[in-house]
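Student: There's a structure below that I have some questions on.
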Amino acid sequence: MKLGERTLFSWPLVFLLPIFVIPGTGETHVCDGISGDYDTWNGKAVGSYKVVVVGGGIAGLEAMKTLIAGGIKNIVLLEAQDYLGGRVKTYRQGSILVEDGAEWIHGGYMNPLYGLAESLGGLTQPLPDEAYDWRVRTQDGQVGDEFGYLAAARVMEKCEVNSILANYHDKGYGECYIDQFPNVYQNFGAVSSEKDAWLHYLHMWVVKDTGTYDWRNQSGRDADHFTDWGLDEWNQWANGYDTLINYTKKSIPSSNIKMSSPVCKIFWKSSSSRKAVVVTSSQEAYTADYVLVTASIGHLKERHTKLFSPALPTSYSDNFNKIELGIADKVQIGWDSPWWGSGPLDLNVIFTAKTLPANESWLYGIMEYLSIHQQTPILQSFLTGGYALHMESLSDDEVKDHLVRFLKAVTKKTFPPPSFFRRSKWSKNIWMRGSYNSFVTVEGDRLGLKSRAPFQVPITNKFGKVIFWAGEHTSTDRYGTVDGAMLSGRSAAKAIITDNSSRP
């Protein structure tokens with residue numbers, strides 16, 4: 001298939017909107033009422049710190065832990081929301097445990113979180129493939145061709161090979177899949193009438209893994225930079241990913257953390273003082289020698305012109321136009337017991353015809369309904385980009401009803417009403433504006449952003465370095481991962497410790 005060629009799936013224009021359109025643009029923000037300048041807020045400061053850490057995700061928490069271990073204890077963490085963890089958010093309801101955000105320890109034993117989870121007695125091993133009731137069905141419940149799945153899986157393997165992906169550094173990541181798919185599909189002898197359906201399935205598989213709307217959004221170079229150590233393993237935290245959050249925050253005195261304290265202004269340059277001034281939505285101001293910003297790139301892209309005063313140097317801020325934060329939402333629906341059988345389900349869906357009503361067309365974005373690990377009766381699916389935005393615009397009852405009706409059609413079964421339903425809505429979170437994962441765009445690569453290193457560069461005023469950065473988006477080879485965010489926080493904290501030790 002050539003780029004731009006029409007297929008069975010020529011989606012309505014409304015779903016071709018880029019995932020980067022920020023919901024809520026033009027609405028009142030909690031920070032919009034903050035005015036004044038450096039001198040105004042410096043005179044109102046209620047606390048003075050060596051370091052103010054902005055954001056209580058794993059990057060911010062790991063930074064706090066590292067700073068304390070390095071002897072810098074006059075520090076405070078300001079978290080905008082009412083929980084710690086950021087995009088690590090575990091939800092519990094009775095015996096049910098699900099994750100709104102991060103779920104897996106990617107990369108097996110090579111991931112530093114693997115050993116940590118194991119040492120805490122919190123590591124689970126993934127179930128073997130044969131443990132699942134694996135099925136392929138069309139939208140109307142017909143059995144799909146398994147060779148189509150094998151072809152899609154083979155293309156996934158090929159486009160993760162460095163020597164192949166190197167040919168796409170100056171192109172969109174998805175072009176590799178578009179180029180490889182026709183020959184691989186033919187070589188597997190898959191049913192020709194399902195070819196377009198399996199291409200769409202593969203597209204949804206790739207964007208599920210990247211968080212993009214279209215697989216051509218991400219630079220092939222950026223995709224190739226990601227390191228998975230060749231281990232496609234999917235371990236999890238037995239008692240929830242927030243085990244990591246709780247473990248990390250044990251090293252931080254509770255008095256050093258301020259919850260529900262959104263940072264609205266960071267004044268970082270003064271002619272008379274080396275200190276920055278940080279102002280929250282409740283109009284509390286804090287001075288600091290250093291500010292470590294760990295906010296999501298989605299939030300920074302939306303708010304940086306209002307957050308920083310003066311504006312960041314264009315050598316830094318221009319890079320915000322070269323990177324995006326994807327959106328990968330989850331929908332979870334469960335029953336007291338699995339109606340499909342006794343074991344976990346892996347239901348793969350292909351669309352051989354476009355028959356869904358317009359208000360249910362977000363379901364085209366789902367390629368798999370998978371039992372949650374340790375929660376067999378609960379099925380989970382991912383949605384990205386325009387499909388996720390569409391789903392977020394609907395009510396809970398609408399989403400649940402659409403899911404139930406579709407599952408009945410696909411499985412040709414009747415089953416009792418679900419007893420559990422949950423979904424994430426990450427694009428509507430004003431402190432995130434997305435979830436997974438950040439990616440350098442093709443245009444961003446062409447404009448010179450060849451790695452994430454520029455996002456790690458501290459901002460300097462006349463007295464020295466004042467703003468440092470951390471977060472998954474600053475990691476060139478482990479972006480989109482919890483361990484990448486954690487290590488970025490540790491690295492930034494160590495850089496602050498080093499810089500502080502060299503000051504008079």
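A note on labels: chains of the structure tokens are A, B, ... as shown, every chain counts residues from 1, and ligands are counted from 1 in their shown order.
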Could you make a table, as CSV, of the residues of region 370-414 of chain A that have an atom within 12 Å of an atom of region 331-338 of chain A, each with its nearest atom pair and distance in Å to one decimal, counting only C-alpha atoms, in chain and number order?

Tutor:
residue,atom,partner,partner_atom,distance
A:Leu370,CA,A:Gln332,CA,9.5
A:Ser371,CA,A:Gly334,CA,9.1
A:Ile372,CA,A:Gln332,CA,8.8
A:Gln375,CA,A:Gly334,CA,8.8
A:Thr376,CA,A:Pro338,CA,6.9
A:Pro377,CA,A:Pro338,CA,4.5
A:Ile378,CA,A:Gly334,CA,3.8
A:Leu379,CA,A:Ile333,CA,5.4
A:Gln380,CA,A:Gln332,CA,4.5
A:Ser381,CA,A:Val331,CA,5.4
A:Phe382,CA,A:Val331,CA,6.5
A:Leu383,CA,A:Val331,CA,7.8
A:Thr384,CA,A:Val331,CA,11.2
A:Tyr387,CA,A:Val331,CA,11.8
A:Ala388,CA,A:Val331,CA,9.7
A:Met391,CA,A:Val331,CA,9.2
A:Glu392,CA,A:Val331,CA,10.2
A:Asp396,CA,A:Val331,CA,10.2
A:Asp397,CA,A:Ile333,CA,11.8
A:Val399,CA,A:Val331,CA,8.6
A:Lys400,CA,A:Ile333,CA,7.6
A:Asp401,CA,A:Ile333,CA,10.6
A:His402,CA,A:Ile333,CA,11.3
A:Leu403,CA,A:Ile333,CA,8.2
A:Val404,CA,A:Ile333,CA,8.7
A:Leu407,CA,A:Ile333,CA,10.7

Student: Atoms to include: C-alpha atoms. Write the selected residues as a PDB file, in the first residue's frame.

Tutor:
ATOM      1  CA  LEU A 370      -7.137  -8.983  27.240  1.00  0.00           C
ATOM      2  CA  SER A 371      -7.693 -10.335  30.738  1.00  0.00           C
ATOM      3  CA  ILE A 372      -5.780  -8.277  33.271  1.00  0.00           C
ATOM      4  CA  GLN A 375      -7.702 -10.279  37.427  1.00  0.00           C
ATOM      5  CA  THR A 376      -8.981 -12.888  34.954  1.00  0.00           C
ATOM      6  CA  PRO A 377     -12.646 -11.714  34.871  1.00  0.00           C
ATOM      7  CA  ILE A 378     -11.642  -8.156  33.908  1.00  0.00           C
ATOM      8  CA  LEU A 379     -10.950  -7.360  30.262  1.00  0.00           C
ATOM      9  CA  GLN A 380      -8.782  -4.397  29.334  1.00  0.00           C
ATOM     10  CA  SER A 381      -8.275  -2.585  26.050  1.00  0.00           C
ATOM     11  CA  PHE A 382      -6.160   0.356  24.935  1.00  0.00           C
ATOM     12  CA  LEU A 383      -7.200   3.357  22.875  1.00  0.00           C
ATOM     13  CA  THR A 384      -4.922   5.990  21.422  1.00  0.00           C
ATOM     14  CA  TYR A 387     -10.139   7.117  19.238  1.00  0.00           C
ATOM     15  CA  ALA A 388      -9.165   7.914  22.830  1.00  0.00           C
ATOM     16  CA  MET A 391     -14.073   7.770  24.026  1.00  0.00           C
ATOM     17  CA  GLU A 392     -13.238  10.474  26.582  1.00  0.00           C
ATOM     18  CA  ASP A 396     -19.406   6.217  31.401  1.00  0.00           C
ATOM     19  CA  ASP A 397     -22.750   4.615  30.583  1.00  0.00           C
ATOM     20  CA  VAL A 399     -18.792   3.656  26.847  1.00  0.00           C
ATOM     21  CA  LYS A 400     -19.922   0.677  28.904  1.00  0.00           C
ATOM     22  CA  ASP A 401     -22.982   0.093  26.735  1.00  0.00           C
ATOM     23  CA  HIS A 402     -20.921   0.277  23.554  1.00  0.00           C
ATOM     24  CA  LEU A 403     -18.426  -2.243  24.931  1.00  0.00           C
ATOM     25  CA  VAL A 404     -21.082  -4.705  26.046  1.00  0.00           C
ATOM     26  CA  LEU A 407     -18.456  -7.887  22.832  1.00  0.00           C
TER      27      LEU A 407
END

Student: Might you pull out every residue within 12 Å of Glu103 (chain A), with only C-alpha atoms counted and same-chain residues fewer than 4 positions away left off, and present them as a list in words?

Tutor: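 What passes the distance filter is Arg87, Val88, Lys89, Thr90, Tyr91, Leu97, Val98, Glu99, Thr124, Trp234, Asn235, Gln236, Trp237, Ala238, Asn239, Gly240, Tyr241, Asp242, Thr243, Leu244, Lys330, Ile372, His373, Gln380, Tyr436, Gly480, Thr481 and Val482 of chain A.
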
Student: Identify which of the residues A:Asn348, A:Ser475, A:Thr248, A:Thr280 lies closest to Glu146 (chain A), counting only C-alpha atoms when measuring atom-to-atom distances.

Tutor: A:Asn348

Student: Give me, as number ranges by chain, all polymer residues having an atom no more than 8 Å from Tyr185 (chain A), counting only C-alpha atoms and skipping those fewer than 3 positions away in the same chain.

Tutor: A: 148, 151-152, 181-182, 188-190, 195

Student: Please produce a file of those selected residues containing C-alpha atoms, as an mmCIF file, in the first residue's frame.

Tutor:
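Listing of result28.cif after writing:
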data_model
loop_
_atom_site.group_PDB
_atom_site.id
_atom_site.type_symbol
_atom_site.label_atom_id
_atom_site.label_comp_id
_atom_site.auth_asym_id
_atom_site.auth_seq_id
_atom_site.Cartn_x
_atom_site.Cartn_y
_atom_site.Cartn_z
ATOM 1 C CA GLY A 148 -3.032 -12.766 9.325
ATOM 2 C CA ALA A 151 1.999 -11.921 9.478
ATOM 3 C CA ALA A 152 1.292 -8.868 11.643
ATOM 4 C CA PHE A 181 3.417 -5.658 5.436
ATOM 5 C CA PRO A 182 2.381 -6.566 1.844
ATOM 6 C CA PHE A 188 2.321 -16.207 5.075
ATOM 7 C CA GLY A 189 -0.454 -17.115 2.673
ATOM 8 C CA ALA A 190 -3.014 -15.208 4.719
ATOM 9 C CA LYS A 195 -5.628 -7.990 4.215
#

Student: Within 9 Å of region 166-176 of chain A, counting only C-alpha atoms, which residues qualify if same-chain residues fewer than 4 places away don't, as a short mmCIF file (atom, residue, chain, number, x, y, z; two decimals) with C-alpha atoms, in the first residue's frame?

Tutor:
data_model
loop_
_atom_site.label_atom_id
_atom_site.label_comp_id
_atom_site.auth_asym_id
_atom_site.auth_seq_id
_atom_site.Cartn_x
_atom_site.Cartn_y
_atom_site.Cartn_z
CA LEU A 3 1.12 6.32 1.47
CA VAL A 155 6.17 -7.33 10.71
CA LYS A 158 11.10 -6.91 11.53
CA CYS A 159 10.48 -3.23 12.30
CA VAL A 161 15.44 -4.76 14.04
CA ASN A 162 17.97 -1.92 14.13
CA GLN A 180 7.02 -4.54 5.08
CA PHE A 181 3.42 -5.66 5.44
CA HIS A 203 -1.71 -0.11 12.82
CA VAL A 206 1.75 -0.20 16.78
CA VAL A 207 -0.02 2.93 18.01
CA ASP A 214 -0.91 7.50 13.29
CA TRP A 215 2.15 5.28 13.13
CA ARG A 216 3.81 7.83 10.86
CA ASN A 217 3.77 10.53 13.59
CA GLN A 218 6.95 9.38 15.34
CA SER A 219 10.40 9.83 13.87
CA GLY A 220 11.97 6.51 12.92
CA ARG A 221 15.20 7.70 14.52
CA ASP A 222 13.43 8.37 17.82
CA ALA A 223 11.83 4.92 17.70
CA ASP A 224 15.19 3.31 16.97
CA THR A 441 7.89 13.95 15.44
CA VAL A 442 9.17 13.46 11.91
CA ASP A 445 13.69 15.33 13.66
CA ARG A 446 14.03 17.25 10.42
#

Student: How many Å separate CA of Met204 (chain A) from CA of Tyr109 (chain A)?

Tutor: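 Separation of CA of Met204 (chain A) and CA of Tyr109 (chain A): 27.9 Å.
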
Student: Take CA of Glu360 (chain A) and CA of Met156 (chain A) and report the distance between them in Å, one decimal.

Tutor: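 It comes out at 28.1 Å.
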
Student: Excluding His390 (chain A) and any residue of its chain fewer than 5 positions from it, enumerate the residues within 10 Å of it, using only C-alpha atoms, and give them as an MDAnalysis selection string.

Tutor: chainID A and resid 14:15 359:363 383:385

Student: When you look at Val279 (chain A) with a cut-off of 12 Å (counting only C-alpha atoms), what residues show up, excluding the ones that are within fewer than 4 positions of it in the same chain? I need them as a VMD selection string.

Tutor: chain A and resid 31 33 to 38 40 to 47 52 54 78 80 261 to 268 283 to 288 291 307 to 309

Student: Can you check which residues of region 242-456 of chain A DSSP gives as strand (DSSP E or B) on the backbone and send them as a PDB file with N, CA and C atoms, in the first residue's frame?

Tutor:
ATOM      1  N   ILE A 257       6.812  17.339  51.485  1.00  0.00           N
ATOM      2  CA  ILE A 257       5.929  17.149  50.335  1.00  0.00           C
ATOM      3  C   ILE A 257       4.648  17.951  50.556  1.00  0.00           C
ATOM      4  N   LYS A 258       4.281  18.756  49.574  1.00  0.00           N
ATOM      5  CA  LYS A 258       3.044  19.535  49.650  1.00  0.00           C
ATOM      6  C   LYS A 258       2.125  19.086  48.516  1.00  0.00           C
ATOM      7  N   VAL A 263       2.010  24.360  40.681  1.00  0.00           N
ATOM      8  CA  VAL A 263       2.941  25.460  40.439  1.00  0.00           C
ATOM      9  C   VAL A 263       2.455  26.241  39.226  1.00  0.00           C
ATOM     10  N   CYS A 264       2.264  27.540  39.431  1.00  0.00           N
ATOM     11  CA  CYS A 264       1.719  28.400  38.381  1.00  0.00           C
ATOM     12  C   CYS A 264       2.752  29.339  37.774  1.00  0.00           C
ATOM     13  N   LYS A 265       3.763  29.690  38.548  1.00  0.00           N
ATOM     14  CA  LYS A 265       4.789  30.604  38.053  1.00  0.00           C
ATOM     15  C   LYS A 265       6.155  30.183  38.578  1.00  0.00           C
ATOM     16  N   ILE A 266       7.140  30.281  37.693  1.00  0.00           N
ATOM     17  CA  ILE A 266       8.533  30.096  38.089  1.00  0.00           C
ATOM     18  C   ILE A 266       9.309  31.303  37.572  1.00  0.00           C
ATOM     19  N   PHE A 267       9.650  32.208  38.493  1.00  0.00           N
ATOM     20  CA  PHE A 267      10.473  33.372  38.161  1.00  0.00           C
ATOM     21  C   PHE A 267      11.932  32.972  38.356  1.00  0.00           C
ATOM     22  N   ALA A 276      15.500  31.544  42.482  1.00  0.00           N
ATOM     23  CA  ALA A 276      14.245  31.557  41.738  1.00  0.00           C
ATOM     24  C   ALA A 276      13.098  31.699  42.723  1.00  0.00           C
ATOM     25  N   VAL A 277      11.938  32.092  42.220  1.00  0.00           N
ATOM     26  CA  VAL A 277      10.742  32.184  43.048  1.00  0.00           C
ATOM     27  C   VAL A 277       9.650  31.339  42.390  1.00  0.00           C
ATOM     28  N   VAL A 278       9.100  30.426  43.162  1.00  0.00           N
ATOM     29  CA  VAL A 278       8.068  29.509  42.672  1.00  0.00           C
ATOM     30  C   VAL A 278       6.747  29.862  43.351  1.00  0.00           C
ATOM     31  N   VAL A 279       5.689  30.017  42.555  1.00  0.00           N
ATOM     32  CA  VAL A 279       4.395  30.437  43.079  1.00  0.00           C
ATOM     33  C   VAL A 279       3.344  29.385  42.751  1.00  0.00           C
ATOM     34  N   THR A 280       2.536  29.014  43.745  1.00  0.00           N
ATOM     35  CA  THR A 280       1.486  28.021  43.546  1.00  0.00           C
ATOM     36  C   THR A 280       0.131  28.685  43.313  1.00  0.00           C
ATOM     37  N   ALA A 285       4.364  31.480  47.850  1.00  0.00           N
ATOM     38  CA  ALA A 285       5.613  31.632  47.109  1.00  0.00           C
ATOM     39  C   ALA A 285       6.774  31.036  47.899  1.00  0.00           C
ATOM     40  N   TYR A 286       7.698  30.417  47.160  1.00  0.00           N
ATOM     41  CA  TYR A 286       8.886  29.814  47.776  1.00  0.00           C
ATOM     42  C   TYR A 286      10.096  30.225  46.949  1.00  0.00           C
ATOM     43  N   THR A 287      11.172  30.562  47.637  1.00  0.00           N
ATOM     44  CA  THR A 287      12.415  30.845  46.925  1.00  0.00           C
ATOM     45  C   THR A 287      13.286  29.599  46.938  1.00  0.00           C
ATOM     46  N   ALA A 288      14.148  29.475  45.932  1.00  0.00           N
ATOM     47  CA  ALA A 288      14.993  28.288  45.823  1.00  0.00           C
ATOM     48  C   ALA A 288      16.229  28.595  45.008  1.00  0.00           C
ATOM     49  N   ASP A 289      17.336  27.975  45.419  1.00  0.00           N
ATOM     50  CA  ASP A 289      18.558  28.072  44.612  1.00  0.00           C
ATOM     51  C   ASP A 289      18.381  27.316  43.295  1.00  0.00           C
ATOM     52  N   TYR A 290      17.652  26.217  43.377  1.00  0.00           N
ATOM     53  CA  TYR A 290      17.423  25.390  42.187  1.00  0.00           C
ATOM     54  C   TYR A 290      15.947  25.007  42.111  1.00  0.00           C
ATOM     55  N   VAL A 291      15.445  24.922  40.887  1.00  0.00           N
ATOM     56  CA  VAL A 291      14.107  24.384  40.642  1.00  0.00           C
ATOM     57  C   VAL A 291      14.269  23.188  39.708  1.00  0.00           C
ATOM     58  N   LEU A 292      13.790  22.044  40.147  1.00  0.00           N
ATOM     59  CA  LEU A 292      13.830  20.855  39.306  1.00  0.00           C
ATOM     60  C   LEU A 292      12.420  20.597  38.786  1.00  0.00           C
ATOM     61  N   VAL A 293      12.232  20.752  37.483  1.00  0.00           N
ATOM     62  CA  VAL A 293      10.912  20.616  36.863  1.00  0.00           C
ATOM     63  C   VAL A 293      10.775  19.204  36.300  1.00  0.00           C
ATOM     64  N   PHE A 308       6.791  30.067  32.973  1.00  0.00           N
ATOM     65  CA  PHE A 308       8.134  30.605  33.230  1.00  0.00           C
ATOM     66  C   PHE A 308       8.195  32.102  32.942  1.00  0.00           C
ATOM     67  N   SER A 309       8.839  32.822  33.861  1.00  0.00           N
ATOM     68  CA  SER A 309       9.040  34.262  33.685  1.00  0.00           C
ATOM     69  C   SER A 309      10.461  34.620  34.108  1.00  0.00           C
ATOM     70  N   ILE A 323       8.330  17.802  19.724  1.00  0.00           N
ATOM     71  CA  ILE A 323       8.019  16.597  20.483  1.00  0.00           C
ATOM     72  C   ILE A 323       6.550  16.646  20.886  1.00  0.00           C
ATOM     73  N   GLU A 324       5.940  15.503  21.031  1.00  0.00           N
ATOM     74  CA  GLU A 324       4.542  15.412  21.447  1.00  0.00           C
ATOM     75  C   GLU A 324       4.400  14.372  22.552  1.00  0.00           C
ATOM     76  N   LEU A 325       3.326  14.493  23.314  1.00  0.00           N
ATOM     77  CA  LEU A 325       2.976  13.466  24.292  1.00  0.00           C
ATOM     78  C   LEU A 325       1.752  12.735  23.769  1.00  0.00           C
ATOM     79  N   ALA A 328      -2.580   7.207  25.539  1.00  0.00           N
ATOM     80  CA  ALA A 328      -2.992   5.803  25.550  1.00  0.00           C
ATOM     81  C   ALA A 328      -3.926   5.633  26.740  1.00  0.00           C
ATOM     82  N   ASP A 329      -5.205   5.585  26.448  1.00  0.00           N
ATOM     83  CA  ASP A 329      -6.220   5.386  27.489  1.00  0.00           C
ATOM     84  C   ASP A 329      -6.546   3.905  27.619  1.00  0.00           C
ATOM     85  N   LYS A 330      -7.095   3.542  28.775  1.00  0.00           N
ATOM     86  CA  LYS A 330      -7.543   2.174  29.017  1.00  0.00           C
ATOM     87  C   LYS A 330      -9.051   2.163  29.277  1.00  0.00           C
ATOM     88  N   VAL A 331      -9.696   1.128  28.797  1.00  0.00           N
ATOM     89  CA  VAL A 331     -11.061   0.834  29.211  1.00  0.00           C
ATOM     90  C   VAL A 331     -11.049  -0.562  29.813  1.00  0.00           C
ATOM     91  N   GLN A 332     -11.657  -0.696  30.977  1.00  0.00           N
ATOM     92  CA  GLN A 332     -11.645  -1.956  31.725  1.00  0.00           C
ATOM     93  C   GLN A 332     -13.079  -2.321  32.086  1.00  0.00           C
ATOM     94  N   ILE A 333     -13.450  -3.554  31.804  1.00  0.00           N
ATOM     95  CA  ILE A 333     -14.808  -4.006  32.084  1.00  0.00           C
ATOM     96  C   ILE A 333     -14.733  -5.430  32.628  1.00  0.00           C
ATOM     97  N   GLY A 334     -15.436  -5.675  33.739  1.00  0.00           N
ATOM     98  CA  GLY A 334     -15.265  -6.956  34.397  1.00  0.00           C
ATOM     99  C   GLY A 334     -16.537  -7.547  34.969  1.00  0.00           C
ATOM    100  N   LEU A 345      -8.652 -14.484  28.970  1.00  0.00           N
ATOM    101  CA  LEU A 345      -9.022 -14.343  27.562  1.00  0.00           C
ATOM    102  C   LEU A 345      -8.076 -13.384  26.848  1.00  0.00           C
ATOM    103  N   ASP A 346      -7.719 -13.729  25.628  1.00  0.00           N
ATOM    104  CA  ASP A 346      -7.004 -12.814  24.732  1.00  0.00           C
ATOM    105  C   ASP A 346      -7.784 -12.794  23.423  1.00  0.00           C
ATOM    106  N   LEU A 347      -8.694 -11.835  23.315  1.00  0.00           N
ATOM    107  CA  LEU A 347      -9.596 -11.736  22.180  1.00  0.00           C
ATOM    108  C   LEU A 347      -9.089 -10.664  21.219  1.00  0.00           C
ATOM    109  N   ASN A 348      -8.636 -11.087  20.049  1.00  0.00           N
ATOM    110  CA  ASN A 348      -8.136 -10.179  19.026  1.00  0.00           C
ATOM    111  C   ASN A 348      -9.250  -9.918  18.012  1.00  0.00           C
ATOM    112  N   VAL A 349      -9.444  -8.646  17.645  1.00  0.00           N
ATOM    113  CA  VAL A 349     -10.562  -8.268  16.784  1.00  0.00           C
ATOM    114  C   VAL A 349     -10.049  -7.597  15.517  1.00  0.00           C
ATOM    115  N   ILE A 350     -10.551  -8.076  14.369  1.00  0.00           N
ATOM    116  CA  ILE A 350     -10.272  -7.411  13.100  1.00  0.00           C
ATOM    117  C   ILE A 350     -11.584  -6.934  12.496  1.00  0.00           C
ATOM    118  N   GLU A 368      -7.601  -5.485  20.699  1.00  0.00           N
ATOM    119  CA  GLU A 368      -7.463  -6.629  21.605  1.00  0.00           C
ATOM    120  C   GLU A 368      -8.218  -6.377  22.905  1.00  0.00           C
ATOM    121  N   TYR A 369      -8.886  -7.420  23.399  1.00  0.00           N
ATOM    122  CA  TYR A 369      -9.511  -7.425  24.722  1.00  0.00           C
ATOM    123  C   TYR A 369      -8.792  -8.504  25.522  1.00  0.00           C
ATOM    124  N   LEU A 370      -8.053  -8.084  26.539  1.00  0.00           N
ATOM    125  CA  LEU A 370      -7.137  -8.983  27.240  1.00  0.00           C
ATOM    126  C   LEU A 370      -7.439  -9.011  28.729  1.00  0.00           C
ATOM    127  N   SER A 371      -7.512 -10.223  29.293  1.00  0.00           N
ATOM    128  CA  SER A 371      -7.693 -10.335  30.738  1.00  0.00           C
ATOM    129  C   SER A 371      -6.517  -9.713  31.464  1.00  0.00           C
ATOM    130  N   ILE A 372      -6.821  -8.907  32.475  1.00  0.00           N
ATOM    131  CA  ILE A 372      -5.780  -8.277  33.271  1.00  0.00           C
ATOM    132  C   ILE A 372      -5.073  -9.334  34.112  1.00  0.00           C
ATOM    133  N   GLN A 375      -6.295 -10.697  37.382  1.00  0.00           N
ATOM    134  CA  GLN A 375      -7.702 -10.279  37.427  1.00  0.00           C
ATOM    135  C   GLN A 375      -8.416 -10.876  36.209  1.00  0.00           C
ATOM    136  N   THR A 376      -8.476 -12.196  36.141  1.00  0.00           N
ATOM    137  CA  THR A 376      -8.981 -12.888  34.954  1.00  0.00           C
ATOM    138  C   THR A 376     -10.343 -12.396  34.477  1.00  0.00           C
ATOM    139  N   PRO A 377     -11.319 -12.116  35.361  1.00  0.00           N
ATOM    140  CA  PRO A 377     -12.646 -11.714  34.871  1.00  0.00           C
ATOM    141  C   PRO A 377     -12.729 -10.285  34.338  1.00  0.00           C
ATOM    142  N   ILE A 378     -11.629  -9.542  34.379  1.00  0.00           N
ATOM    143  CA  ILE A 378     -11.642  -8.156  33.908  1.00  0.00           C
ATOM    144  C   ILE A 378     -10.883  -8.061  32.593  1.00  0.00           C
ATOM    145  N   LEU A 379     -11.558  -7.563  31.567  1.00  0.00           N
ATOM    146  CA  LEU A 379     -10.950  -7.360  30.262  1.00  0.00           C
ATOM    147  C   LEU A 379     -10.494  -5.911  30.127  1.00  0.00           C
ATOM    148  N   GLN A 380      -9.351  -5.733  29.516  1.00  0.00           N
ATOM    149  CA  GLN A 380      -8.782  -4.397  29.334  1.00  0.00           C
ATOM    150  C   GLN A 380      -8.413  -4.181  27.878  1.00  0.00           C
ATOM    151  N   SER A 381      -8.662  -2.970  27.401  1.00  0.00           N
ATOM    152  CA  SER A 381      -8.275  -2.585  26.050  1.00  0.00           C
ATOM    153  C   SER A 381      -7.649  -1.202  26.080  1.00  0.00           C
ATOM    154  N   PHE A 382      -6.815  -0.940  25.082  1.00  0.00           N
ATOM    155  CA  PHE A 382      -6.160   0.356  24.935  1.00  0.00           C
ATOM    156  C   PHE A 382      -6.762   1.127  23.773  1.00  0.00           C
ATOM    157  N   LEU A 383      -6.786   2.442  23.932  1.00  0.00           N
ATOM    158  CA  LEU A 383      -7.200   3.357  22.875  1.00  0.00           C
ATOM    159  C   LEU A 383      -6.191   4.486  22.792  1.00  0.00           C
ATOM    160  N   THR A 384      -5.869   4.888  21.587  1.00  0.00           N
ATOM    161  CA  THR A 384      -4.922   5.990  21.422  1.00  0.00           C
ATOM    162  C   THR A 384      -5.506   7.056  20.517  1.00  0.00           C
ATOM    163  N   PHE A 420     -18.021  -4.437  37.033  1.00  0.00           N
ATOM    164  CA  PHE A 420     -16.924  -3.476  37.200  1.00  0.00           C
ATOM    165  C   PHE A 420     -16.706  -2.745  35.877  1.00  0.00           C
ATOM    166  N   PHE A 421     -16.469  -1.444  35.985  1.00  0.00           N
ATOM    167  CA  PHE A 421     -16.128  -0.644  34.808  1.00  0.00           C
ATOM    168  C   PHE A 421     -15.232   0.510  35.245  1.00  0.00           C
ATOM    169  N   ARG A 422     -14.205   0.753  34.468  1.00  0.00           N
ATOM    170  CA  ARG A 422     -13.316   1.886  34.730  1.00  0.00           C
ATOM    171  C   ARG A 422     -12.627   2.264  33.420  1.00  0.00           C
ATOM    172  N   ARG A 423     -12.322   3.533  33.297  1.00  0.00           N
ATOM    173  CA  ARG A 423     -11.578   4.007  32.126  1.00  0.00           C
ATOM    174  C   ARG A 423     -10.684   5.168  32.543  1.00  0.00           C
ATOM    175  N   SER A 438       5.908   9.995  25.098  1.00  0.00           N
ATOM    176  CA  SER A 438       6.422  11.148  24.373  1.00  0.00           C
ATOM    177  C   SER A 438       7.172  10.656  23.137  1.00  0.00           C
ATOM    178  N   PHE A 439       7.127  11.439  22.083  1.00  0.00           N
ATOM    179  CA  PHE A 439       7.857  11.039  20.877  1.00  0.00           C
ATOM    180  C   PHE A 439       8.279  12.264  20.078  1.00  0.00           C
ATOM    181  N   VAL A 440       9.445  12.162  19.466  1.00  0.00           N
ATOM    182  CA  VAL A 440       9.923  13.199  18.561  1.00  0.00           C
ATOM    183  C   VAL A 440       9.213  12.991  17.230  1.00  0.00           C
ATOM    184  N   THR A 441       8.609  14.051  16.700  1.00  0.00           N
ATOM    185  CA  THR A 441       7.892  13.946  15.438  1.00  0.00           C
ATOM    186  C   THR A 441       8.867  13.883  14.263  1.00  0.00           C
TER     187      THR A 441
END

Student: Considering only alpha helix (DSSP H) as DSSP defines it on the backbone, what residues of region 226-384 of chain A qualify? List them as a list in words.

Tutor: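 Going through region 226-384 of chain A, the alpha helix (DSSP H) residues come out as Asp242, Thr243, Leu244, Ile245, Asn246, Tyr247, Thr248, Lys249, Ile297, Gly298, His299, Leu300, Lys301, Glu302, Arg303, His304, Thr305, Lys306, Leu307, Thr314, Ser315, Tyr316 and Ser317 of chain A.
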
Student: Between A:Ser48, A:Gln186, A:Asn319, A:Asn74, single out the one closest to Gly444 (chain A), counting only C-alpha atoms.

Tutor: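 Checking each of A:Ser48, A:Gln186, A:Asn319, A:Asn74 against Gly444 (chain A), counting only C-alpha atoms, the winner is A:Asn319.
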